[in-house]
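**Q** Structure supplied as data-v3.csv; contents: CSV, C-alpha atoms.
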```
chain,number,residue,atom,x,y,z
E,373,MET,CA,102.6,158.1,113.6
E,374,HIS,CA,105.4,159.4,115.8
E,375,ASP,CA,106.4,157.8,119.0
E,376,VAL,CA,105.8,160.1,121.9
E,377,ALA,CA,107.8,159.6,125.1
E,378,THR,CA,105.6,159.0,128.1
E,379,THR,CA,106.6,159.2,131.7
E,380,HIS,CA,103.6,157.6,133.4
E,381,ASP,CA,101.8,154.3,133.6
E,382,GLU,CA,100.0,153.7,130.3
E,383,GLY,CA,97.9,150.7,131.4
E,384,LYS,CA,94.5,150.6,129.7
E,385,GLY,CA,93.0,149.2,132.9
E,386,GLN,CA,92.9,152.5,134.7
E,387,TYR,CA,90.9,154.1,132.0
E,388,PHE,CA,88.2,151.4,132.1
E,389,TRP,CA,88.0,151.8,135.9
E,390,VAL,CA,87.5,155.6,135.4
E,391,TRP,CA,84.9,155.0,132.7
E,392,GLY,CA,83.1,152.6,135.1
E,393,ALA,CA,83.2,155.0,137.9
E,394,LEU,CA,81.8,157.8,135.7
E,395,LEU,CA,78.9,155.6,134.6
E,396,ILE,CA,78.1,154.6,138.2
E,397,LEU,CA,78.2,158.3,139.4
E,398,THR,CA,75.9,159.2,136.5
E,399,ALA,CA,73.5,156.4,137.6
E,400,VAL,CA,73.6,157.8,141.1
E,401,GLU,CA,72.8,161.3,139.9
E,402,VAL,CA,69.8,160.0,137.8
E,403,ALA,CA,68.5,158.0,140.8
E,404,LEU,CA,68.7,160.9,143.1
E,405,ALA,CA,67.0,163.3,140.7
E,406,TYR,CA,64.3,161.1,139.4
E,407,ASN,CA,63.2,159.9,142.8
E,408,GLN,CA,63.3,163.5,144.1
E,409,VAL,CA,65.4,162.3,147.1
E,410,PHE,CA,66.2,165.9,148.2
E,411,GLN,CA,64.7,169.3,148.2
E,412,PRO,CA,65.9,171.5,145.2
E,413,VAL,CA,68.7,173.2,147.2
E,414,ARG,CA,70.0,170.0,148.7
E,415,MET,CA,69.6,168.3,145.3
E,416,LEU,CA,71.7,171.1,143.6
E,417,GLU,CA,74.4,170.6,146.2
E,418,ALA,CA,74.5,166.8,145.8
E,419,LEU,CA,74.5,167.0,142.0
E,420,MET,CA,77.2,169.6,142.0
E,421,ILE,CA,79.4,167.6,144.3
E,422,LEU,CA,79.0,164.5,142.1
E,423,SER,CA,79.6,166.6,138.9
E,424,VAL,CA,82.8,168.0,140.4
E,425,ILE,CA,84.1,164.5,141.2
E,426,LYS,CA,83.2,163.4,137.6
E,427,SER,CA,85.0,166.4,136.1
E,428,ALA,CA,88.1,165.8,138.2
E,429,LEU,CA,88.2,162.2,137.0
E,430,ILE,CA,87.9,163.3,133.3
E,431,ILE,CA,90.5,166.1,133.7
E,432,GLY,CA,92.9,164.1,135.7
E,433,TYR,CA,92.9,160.8,133.8
E,434,PHE,CA,91.3,161.2,130.4
E,435,MET,CA,92.9,164.6,129.8
E,436,HIS,CA,96.1,163.5,131.5
E,437,LEU,CA,96.4,166.6,133.7
E,438,LYS,CA,97.4,164.3,136.6
E,439,PHE,CA,100.6,163.5,134.7
E,440,GLU,CA,101.5,167.1,133.7
E,441,ILE,CA,104.0,169.2,135.6
E,442,ALA,CA,102.9,171.6,138.4
E,443,ALA,CA,103.3,174.8,136.4
E,444,MET,CA,100.7,173.5,133.8
E,445,LYS,CA,98.3,172.5,136.6
E,446,TRP,CA,98.4,175.8,138.3
E,447,VAL,CA,97.8,177.9,135.2
E,448,LEU,CA,94.7,175.8,134.4
E,449,MET,CA,93.4,176.2,137.9
E,450,ILE,CA,92.7,179.8,137.1
E,451,ALA,CA,89.5,178.8,135.2
E,452,VAL,CA,88.4,176.5,138.0
E,453,VAL,CA,88.9,179.3,140.6
E,454,VAL,CA,86.9,181.8,138.4
E,455,CYS,CA,84.0,179.3,138.0
E,456,LEU,CA,84.0,178.5,141.7
E,457,CYS,CA,83.9,182.2,142.6
E,458,LEU,CA,81.0,182.7,140.2
E,459,MET,CA,79.3,179.7,141.8
E,460,PHE,CA,79.6,181.2,145.2
E,461,ILE,CA,78.3,184.6,144.0
E,462,PHE,CA,75.4,183.5,141.8
E,463,PHE,CA,73.9,180.5,143.6
E,464,PRO,CA,73.6,182.2,147.1
E,465,ASP,CA,72.1,185.3,145.3
E,466,ALA,CA,69.6,183.1,143.6
E,467,PHE,CA,68.6,181.5,146.9
E,468,ARG,CA,68.4,184.9,148.5
E,469,ILE,CA,65.8,186.0,145.8
E,470,ILE,CA,63.7,182.9,146.7
E,471,HIS,CA,63.7,183.8,150.4
E,472,LEU,CA,62.9,187.4,149.6
E,473,GLY,CA,59.8,186.2,147.7
E,474,VAL,CA,60.6,188.2,144.6
E,475,LYS,CA,58.2,187.3,141.8
Q,1494,MET,CA,112.1,174.5,136.3
Q,1495,ALA,CA,110.8,172.0,133.8
Q,1496,ASP,CA,113.0,169.0,133.4
Q,1497,VAL,CA,111.4,168.0,130.1
Q,1498,ALA,CA,112.4,170.1,127.1
Q,1499,VAL,CA,110.6,170.3,123.8
Q,1500,GLN,CA,112.9,169.0,121.0
Q,1501,HIS,CA,113.1,171.6,118.3
Q,1502,GLY,CA,116.0,170.1,116.3
Q,1503,ILE,CA,118.2,173.1,116.7
Q,1504,ALA,CA,120.1,172.6,119.9
Q,1505,GLY,CA,120.1,175.7,122.0
Q,1506,ALA,CA,117.9,177.7,119.7
Q,1507,TYR,CA,115.0,177.8,122.0
Q,1508,GLU,CA,114.5,177.8,125.7
Q,1509,PRO,CA,112.8,174.8,127.3
Q,1510,SER,CA,109.0,175.0,127.5
Q,1511,LEU,CA,107.8,176.5,130.7
Q,1512,PHE,CA,105.1,173.8,130.9
Q,1513,GLY,CA,107.3,170.9,129.9
Q,1514,THR,CA,105.3,170.0,126.9
Q,1515,TYR,CA,104.8,170.9,123.2
Q,1516,SER,CA,103.3,174.2,122.1
Q,1517,LYS,CA,100.2,172.7,120.3
Q,1518,LYS,CA,99.1,171.1,123.6
Q,1519,ILE,CA,99.6,174.3,125.6
Q,1520,GLY,CA,97.6,176.2,122.9
Q,1521,MET,CA,94.7,173.8,123.1
Q,1522,TRP,CA,94.7,173.9,126.9
Q,1523,LEU,CA,94.6,177.7,126.8
Q,1524,PHE,CA,91.7,177.6,124.3
Q,1525,LEU,CA,89.9,175.2,126.5
Q,1526,LEU,CA,90.5,177.5,129.5
Q,1527,SER,CA,88.8,180.4,127.7
Q,1528,ASP,CA,86.0,178.1,126.4
Q,1529,SER,CA,85.3,176.9,129.9
Q,1530,LEU,CA,84.6,180.5,130.9
Q,1531,THR,CA,82.2,180.8,127.9
Q,1532,PHE,CA,80.3,177.7,129.0
Q,1533,GLY,CA,80.6,178.8,132.6
Q,1534,ALA,CA,78.7,182.0,131.8
Q,1535,LEU,CA,75.9,180.1,130.0
Q,1536,LEU,CA,75.6,177.5,132.7
Q,1537,PHE,CA,75.4,180.2,135.4
Q,1538,ALA,CA,72.8,182.2,133.4
Q,1539,TYR,CA,70.6,179.0,133.2
Q,1540,SER,CA,71.2,177.9,136.8
Q,1541,TYR,CA,70.5,181.4,138.2
Q,1542,GLY,CA,67.1,181.4,136.5
Q,1543,ARG,CA,66.4,177.8,137.5
Q,1544,ILE,CA,67.1,178.4,141.2
Q,1545,SER,CA,65.5,181.8,141.6
Q,1546,ASN,CA,62.2,181.0,139.9
Q,1547,PRO,CA,60.0,178.6,141.8
Q,1548,GLN,CA,57.8,178.5,138.6
Q,1549,TRP,CA,60.7,177.3,136.4
Q,1550,PRO,CA,59.3,174.6,134.0
Q,1551,THR,CA,60.1,170.9,134.7
Q,1552,PRO,CA,59.3,169.4,131.4
Q,1553,PHE,CA,61.7,166.5,131.4
Q,1554,GLY,CA,59.8,163.3,132.2
Q,1555,LYS,CA,60.8,159.7,132.2
Q,1556,GLU,CA,61.4,159.6,128.4
Q,1557,SER,CA,63.6,162.7,128.3
Q,1558,ILE,CA,65.7,161.7,131.3
Q,1559,PHE,CA,66.2,158.2,129.8
Q,1560,ASN,CA,67.2,159.8,126.5
Q,1561,ALA,CA,69.6,162.3,128.2
Q,1562,THR,CA,71.1,159.4,130.3
Q,1563,ILE,CA,71.9,157.4,127.1
Q,1564,MET,CA,73.4,160.6,125.6
Q,1565,THR,CA,75.6,160.9,128.7
Q,1566,ALA,CA,76.7,157.3,128.4
Q,1567,CYS,CA,77.5,157.9,124.7
Q,1568,LEU,CA,79.8,160.8,125.6
Q,1569,LEU,CA,81.5,158.9,128.5
Q,1570,SER,CA,82.1,155.9,126.2
Q,1571,SER,CA,83.4,158.2,123.5
Q,1572,SER,CA,85.9,159.6,126.0
Q,1573,LEU,CA,87.1,156.1,126.7
Q,1574,THR,CA,87.5,155.2,123.0
Q,1575,MET,CA,89.3,158.6,122.5
Q,1576,VAL,CA,91.8,157.9,125.3
Q,1577,LEU,CA,92.4,154.4,123.8
Q,1578,GLY,CA,93.0,156.1,120.4
Q,1579,VAL,CA,95.6,158.4,122.0
Q,1580,LEU,CA,97.4,155.4,123.6
Q,1581,ALA,CA,97.4,153.6,120.2
Q,1582,ALA,CA,98.9,156.8,118.6
Q,1583,ARG,CA,101.6,156.9,121.2
Q,1584,ARG,CA,102.5,153.2,120.4
Q,1585,GLY,CA,102.7,154.2,116.7
Q,1586,ASP,CA,99.8,151.9,115.9
Q,1587,GLY,CA,98.1,153.9,113.1
Q,1588,SER,CA,95.4,151.3,112.4
Q,1589,TRP,CA,94.0,151.1,115.9
Q,1590,THR,CA,94.4,154.9,116.3
Q,1591,ARG,CA,92.0,155.3,113.4
Q,1592,ASN,CA,89.6,152.6,114.6
Q,1593,TRP,CA,89.3,154.1,118.1
Q,1594,ILE,CA,88.8,157.6,116.7
Q,1595,LEU,CA,86.1,156.3,114.4
Q,1596,ALA,CA,84.4,154.7,117.4
Q,1597,THR,CA,84.6,158.0,119.2
Q,1598,MET,CA,83.0,159.7,116.2
Q,1599,PHE,CA,80.2,157.1,116.2
Q,1600,PHE,CA,79.4,157.8,119.8
Q,1601,GLY,CA,79.6,161.5,119.2
Q,1602,SER,CA,77.3,161.3,116.2
Q,1603,ALA,CA,74.8,159.2,118.3
Q,1604,PHE,CA,74.8,161.9,120.9
Q,1605,ILE,CA,74.0,164.6,118.2
Q,1606,VAL,CA,71.2,162.6,116.8
Q,1607,LEU,CA,69.6,161.9,120.2
Q,1608,HIS,CA,70.0,165.5,121.2
Q,1609,ALA,CA,68.4,166.6,117.9
Q,1610,MET,CA,65.4,164.3,118.6
Q,1611,GLU,CA,65.1,165.8,122.1
Q,1612,TRP,CA,65.1,169.3,120.6
Q,1613,SER,CA,62.5,168.4,118.0
Q,1614,LYS,CA,60.3,166.9,120.7
Q,1615,LEU,CA,60.4,170.1,122.8
Q,1616,ILE,CA,59.9,172.3,119.8
Q,1617,GLY,CA,56.9,170.1,118.7
Q,1618,GLU,CA,55.4,170.8,122.2
Q,1619,GLY,CA,55.5,174.5,121.5
Q,1620,MET,CA,58.8,175.5,123.0
Q,1621,THR,CA,60.7,178.4,121.3
Q,1622,PRO,CA,63.6,180.6,122.5
Q,1623,PHE,CA,60.9,183.2,123.6
Q,1624,LYS,CA,58.1,181.2,125.1
Q,1625,ASN,CA,57.3,177.8,126.5
Q,1626,PRO,CA,53.9,176.0,127.0
Q,1627,TRP,CA,54.6,175.1,130.7
Q,1628,ALA,CA,55.2,178.5,132.4
Q,1629,ALA,CA,54.2,181.7,130.7
Q,1630,THR,CA,55.8,183.8,133.5
Q,1631,VAL,CA,59.3,182.2,132.7
Q,1632,PRO,CA,59.9,183.0,129.0
Q,1633,GLN,CA,63.7,182.8,129.5
Q,1634,PHE,CA,63.6,179.0,129.9
Q,1635,GLY,CA,63.6,178.4,126.1
Q,1636,GLY,CA,66.3,181.0,125.4
Q,1637,THR,CA,68.7,179.8,128.1
Q,1638,PHE,CA,68.1,176.1,127.3
Q,1639,PHE,CA,68.6,176.4,123.5
Q,1640,THR,CA,71.6,178.7,123.9
Q,1641,LEU,CA,73.4,176.4,126.3
Q,1642,THR,CA,72.6,173.0,124.7
Q,1643,GLY,CA,72.9,174.4,121.2
Q,1644,MET,CA,76.4,175.8,122.0
Q,1645,HIS,CA,77.3,172.3,123.3
Q,1646,MET,CA,75.8,170.5,120.3
Q,1647,LEU,CA,77.8,172.8,118.0
Q,1648,HIS,CA,81.0,171.9,119.9
Q,1649,VAL,CA,80.3,168.2,119.6
Q,1650,THR,CA,79.6,168.6,115.9
Q,1651,ILE,CA,82.9,170.5,115.4
Q,1652,GLY,CA,84.6,167.8,117.5
Q,1653,VAL,CA,83.3,165.0,115.2
Q,1654,ILE,CA,84.5,166.9,112.1
Q,1655,TYR,CA,87.9,167.6,113.8
Q,1656,LEU,CA,88.4,163.9,114.6
Q,1657,GLY,CA,87.3,162.9,111.1
Q,1658,VAL,CA,90.1,165.1,109.7
Q,1659,VAL,CA,92.7,163.8,112.1
Q,1660,SER,CA,91.9,160.2,111.5
Q,1661,LEU,CA,91.0,160.1,107.7
Q,1662,ARG,CA,92.4,163.4,106.4
Q,1663,LYS,CA,91.2,164.1,102.8
Q,1664,LYS,CA,89.2,160.8,102.7
Q,1665,PHE,CA,86.9,162.4,105.2
Q,1666,LEU,CA,85.8,165.2,102.8
Q,1667,PRO,CA,83.4,163.2,100.6
Q,1668,ILE,CA,82.1,161.4,103.7
Q,1669,LEU,CA,81.3,164.7,105.4
Q,1670,LEU,CA,79.7,166.0,102.2
Q,1671,GLY,CA,77.6,162.9,101.9
Q,1672,ILE,CA,76.5,163.1,105.6
Q,1673,TRP,CA,75.4,166.7,105.1
Q,1674,LEU,CA,73.4,165.9,101.9
Q,1675,VAL,CA,71.7,162.9,103.5
Q,1676,ALA,CA,70.9,164.8,106.7
Q,1677,TRP,CA,69.6,167.8,104.8
Q,1678,LEU,CA,67.3,165.7,102.5
Q,1679,ALA,CA,66.2,163.4,105.3
Q,1680,THR,CA,65.1,166.2,107.6
Q,1681,PRO,CA,61.6,167.6,107.1
Q,1682,ALA,CA,61.5,171.1,105.8
Q,1683,ASP,CA,59.7,172.5,108.8
Q,1684,ASN,CA,62.3,171.1,111.2
Q,1685,VAL,CA,64.9,173.5,112.7
Q,1686,PHE,CA,67.6,171.0,111.7
Q,1687,HIS,CA,66.7,171.3,108.0
Q,1688,ILE,CA,68.7,174.6,108.3
Q,1689,GLY,CA,70.9,173.5,111.2
Q,1690,VAL,CA,72.6,170.7,109.2
Q,1691,HIS,CA,74.2,173.4,107.0
Q,1692,VAL,CA,76.8,173.7,109.9
Q,1693,LEU,CA,78.2,170.5,108.3
Q,1694,LEU,CA,78.5,172.3,104.9
Q,1695,ILE,CA,80.3,175.2,106.6
Q,1696,GLY,CA,82.6,172.7,108.3
Q,1697,PHE,CA,83.2,171.0,104.9
Q,1698,VAL,CA,84.3,174.4,103.3
Q,1699,VAL,CA,86.6,175.2,106.3
Q,1700,VAL,CA,88.1,171.7,106.5
Q,1701,THR,CA,88.7,171.6,102.7
Q,1702,THR,CA,90.4,175.0,102.8
Q,1703,ILE,CA,92.7,173.8,105.7
Q,1704,LEU,CA,93.5,170.5,104.0
Q,1705,ILE,CA,94.4,172.2,100.7
Q,1706,LEU,CA,96.4,175.0,102.2
Q,1707,LYS,CA,98.2,172.8,104.7
Q,1708,PRO,CA,98.2,169.1,103.8
Q,1709,LYS,CA,100.0,167.0,106.4
Q,1710,ASP,CA,100.0,163.6,108.2
Q,1711,TYR,CA,98.6,164.1,111.6
Q,1712,ASP,CA,100.9,162.5,114.3
Q,1713,ALA,CA,100.5,161.3,117.8
Q,1714,HIS,CA,100.7,164.9,119.1
Q,1715,ASP,CA,97.7,165.9,116.9
Q,1716,VAL,CA,95.7,163.0,118.1
Q,1717,GLU,CA,96.4,163.9,121.8
Q,1718,VAL,CA,95.4,167.5,121.2
Q,1719,SER,CA,92.2,166.5,119.4
Q,1720,GLY,CA,91.6,164.2,122.4
Q,1721,LEU,CA,91.9,167.1,124.8
Q,1722,TYR,CA,89.2,169.0,122.9
Q,1723,TRP,CA,86.9,165.9,122.8
Q,1724,HIS,CA,87.3,165.3,126.6
Q,1725,PHE,CA,86.4,168.9,127.3
Q,1726,VAL,CA,83.2,168.5,125.3
Q,1727,ASP,CA,82.4,165.5,127.5
Q,1728,LEU,CA,83.4,167.5,130.6
Q,1729,VAL,CA,81.0,170.3,129.9
Q,1730,TRP,CA,78.1,167.9,129.5
Q,1731,MET,CA,78.8,166.6,133.0
Q,1732,PHE,CA,77.5,169.9,134.2
Q,1733,ILE,CA,74.8,170.5,131.6
Q,1734,PHE,CA,73.1,167.1,132.3
Q,1735,PRO,CA,72.5,167.6,136.0
Q,1736,LEU,CA,71.8,171.4,135.9
Q,1737,VAL,CA,69.5,171.4,132.9
Q,1738,TYR,CA,67.9,167.9,132.9
Q,1739,LEU,CA,68.1,166.5,136.4
Q,1740,MET,CA,67.2,169.7,138.2
Q,1741,SER,CA,64.1,170.0,136.0
Q,1742,THR,CA,62.7,166.4,136.1
Q,1743,LYS,CA,58.9,166.2,135.9
Q,1744,VAL,CA,57.5,165.1,139.3
Q,1745,VAL,CA,55.0,162.3,138.6
```
Rewrite the structure of this file - the entire thing - as structure tokens.

**A**
Amino acid sequence: MHDVATTHDEGKGQYFWVWGALLILTAVEVALAYNQVFQPVRMLEALMILSVIKSALIIGYFMHLKFEIAAMKWVLMIAVVVCLCLMFIFFPDAFRIIHLGVK
Amino acid sequence: MADVAVQHGIAGAYEPSLFGTYSKKIGMWLFLLSDSLTFGALLFAYSYGRISNPQWPTPFGKESIFNATIMTACLLSSSLTMVLGVLAARRGDGSWTRNWILATMFFGSAFIVLHAMEWSKLIGEGMTPFKNPWAATVPQFGGTFFTLTGMHMLHVTIGVIYLGVVSLRKKFLPILLGIWLVAWLATPADNVFHIGVHVLLIGFVVVTTILILKPKDYDAHDVEVSGLYWHFVDLVWMFIFPLVYLMSTKVV
């Protein structure tokens, strides 16, 4: 194996913390959904917020994007922006169809 | 511009990398970027149908949600073992690199088995890509569900094979062939996975070809790049799990 130069803190502890946080967030999602805490639209919003937080932890820490240079981060943000645009187009349209009562 | 230059051995022969890292890693990130759009399309197709159809089936009861939660925990744990493997590779600790990657493969395999059981249960209840027993007016439920989760299961399977090659190289070939044979013979002939396990055989042929044409020792960079792929598979599940399972829990 080659040695690869690293420029950031390589403590294992932070990865265990992130793993624990991801498991706790998953447990919160399951509790919210299984107990039907919110109506479907509110539930979707709550689950999406929690999922975005989880994905940010995975991309930032496990995939090390937090430690990459700015140029790399901005290029990869393109996909995030496209997915967010799709979300803001499709989800409101799906809600609109419900309100119109289309069968 | 980037302060970190890729070392190519020939001083001045190449310009510094725009992204301050090595080309294999940039290549994998760009692949993941395109793959995220593929999964994005499948996720939006499923979610659009889910939200806009009040009659959308909610077949996932306590047992299915428990199963999917264990699957999620398996993938999250596999991401932890993968990142520990990447750290070990950076330290030059080949033994622990292999051990952590093998642990990652174990969790990934557990995910596949649990997911296959979930699929078999749904198919046993009468669900196909074209119809489902819960809502006759929503035939697209099966198609969108199987396409989305099947695509993800395929990615996890490819990931396990990829990690097997990076950690064990040619030693992985007989293991992969053995797993395919056992899985094929152990699966009932009327089960969809009796055919599905042949993905492993296709993987065996592809991997054998690669290892014969380009035999090499995989270094810390290769481990990190394979880790990026694996974490992406985990990342996608973080959206499939709530959108598919948690938004369709069976109200008791």

**Q** Counting all atoms listed in the file, what are the residues of chain Q within 6 Å of chain E, and for each of them which pair of atoms is the nearest and at what distance in Å, to one decimal? Sort the table by chain and rising number, as a Markdown table.

**A**
```
| residue | atom | partner | partner_atom | distance |
| --- | --- | --- | --- | --- |
| Q:Phe1512 | CA | E:Met444 | CA | 5.3 |
| Q:Leu1526 | CA | E:Ala451 | CA | 5.9 |
| Q:Tyr1541 | CA | E:Ala466 | CA | 5.7 |
| Q:Ile1544 | CA | E:Ala466 | CA | 5.8 |
| Q:Ser1545 | CA | E:Ala466 | CA | 4.7 |
| Q:Arg1583 | CA | E:Val376 | CA | 5.3 |
| Q:Gly1585 | CA | E:Met373 | CA | 5.0 |
| Q:Asp1712 | CA | E:Met373 | CA | 4.8 |
| Q:Ala1713 | CA | E:His374 | CA | 5.6 |
| Q:Leu1721 | CA | E:Met435 | CA | 5.7 |
| Q:Leu1728 | CA | E:Ser427 | CA | 5.8 |
| Q:Met1731 | CA | E:Ser423 | CA | 6.0 |
| Q:Leu1739 | CA | E:Ala405 | CA | 5.5 |
```

**Q** Counting only C-alpha atoms, figure out which residue out of Q:Trp1677, Q:Trp1589, Q:Trp1612, Q:Phe1537 gets nearest to E:Cys457.

**A**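 Among Q:Trp1677, Q:Trp1589, Q:Trp1612, Q:Phe1537, it is Q:Phe1537 that comes nearest to E:Cys457.
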
**Q** Any idea what the distance is between atom CA of Q:Leu1693 and atom CA of Q:Trp1673?

**A**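 These two atoms are separated by 5.7 Å.
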
**Q** Just to confirm, what's the straight-line distance from atom CA of Q:Leu1568 to atom CA of Q:Ile1654 in Å (one decimal)?

**A**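 A separation of 15.5 Å between them.
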
**Q** Give me the residues near Q:Ile1605 as number ranges by chain, where near means some atom within 8 Å (using only C-alpha atoms) and where sequence neighbours in that chain fewer than 5 positions away do not count.

**A** Q: 1646, 1649-1650

**Q** Please report the interatomic distance between atom CA of Q:Trp1549 and atom CA of Q:Phe1686 in Å with one decimal.

**A**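 Calculated distance between atom CA of Q:Trp1549 and atom CA of Q:Phe1686 is 26.4 Å.
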
**Q** Skip stretch 1655-1671 of chain Q itself and residues of its chain fewer than 2 positions away, then list as a ChimeraX atom specification all residues within 10 Å of it, counting all atoms listed in the file.

**A** /Q:1575,1578,1587-1588,1590-1595,1597-1598,1649-1653,1673-1677,1693-1694,1696-1698,1700-1701,1703-1705,1708-1713,1715-1716,1719-1720,1722-1723

**Q** Quick one: residues within 12 Å of Q:Thr1621, all atoms listed in the file, excluding same-chain residues fewer than 3 positions away - as a ChimeraX atom specification?

**A** /Q:1612-1618,1624-1627,1629,1632-1640,1685
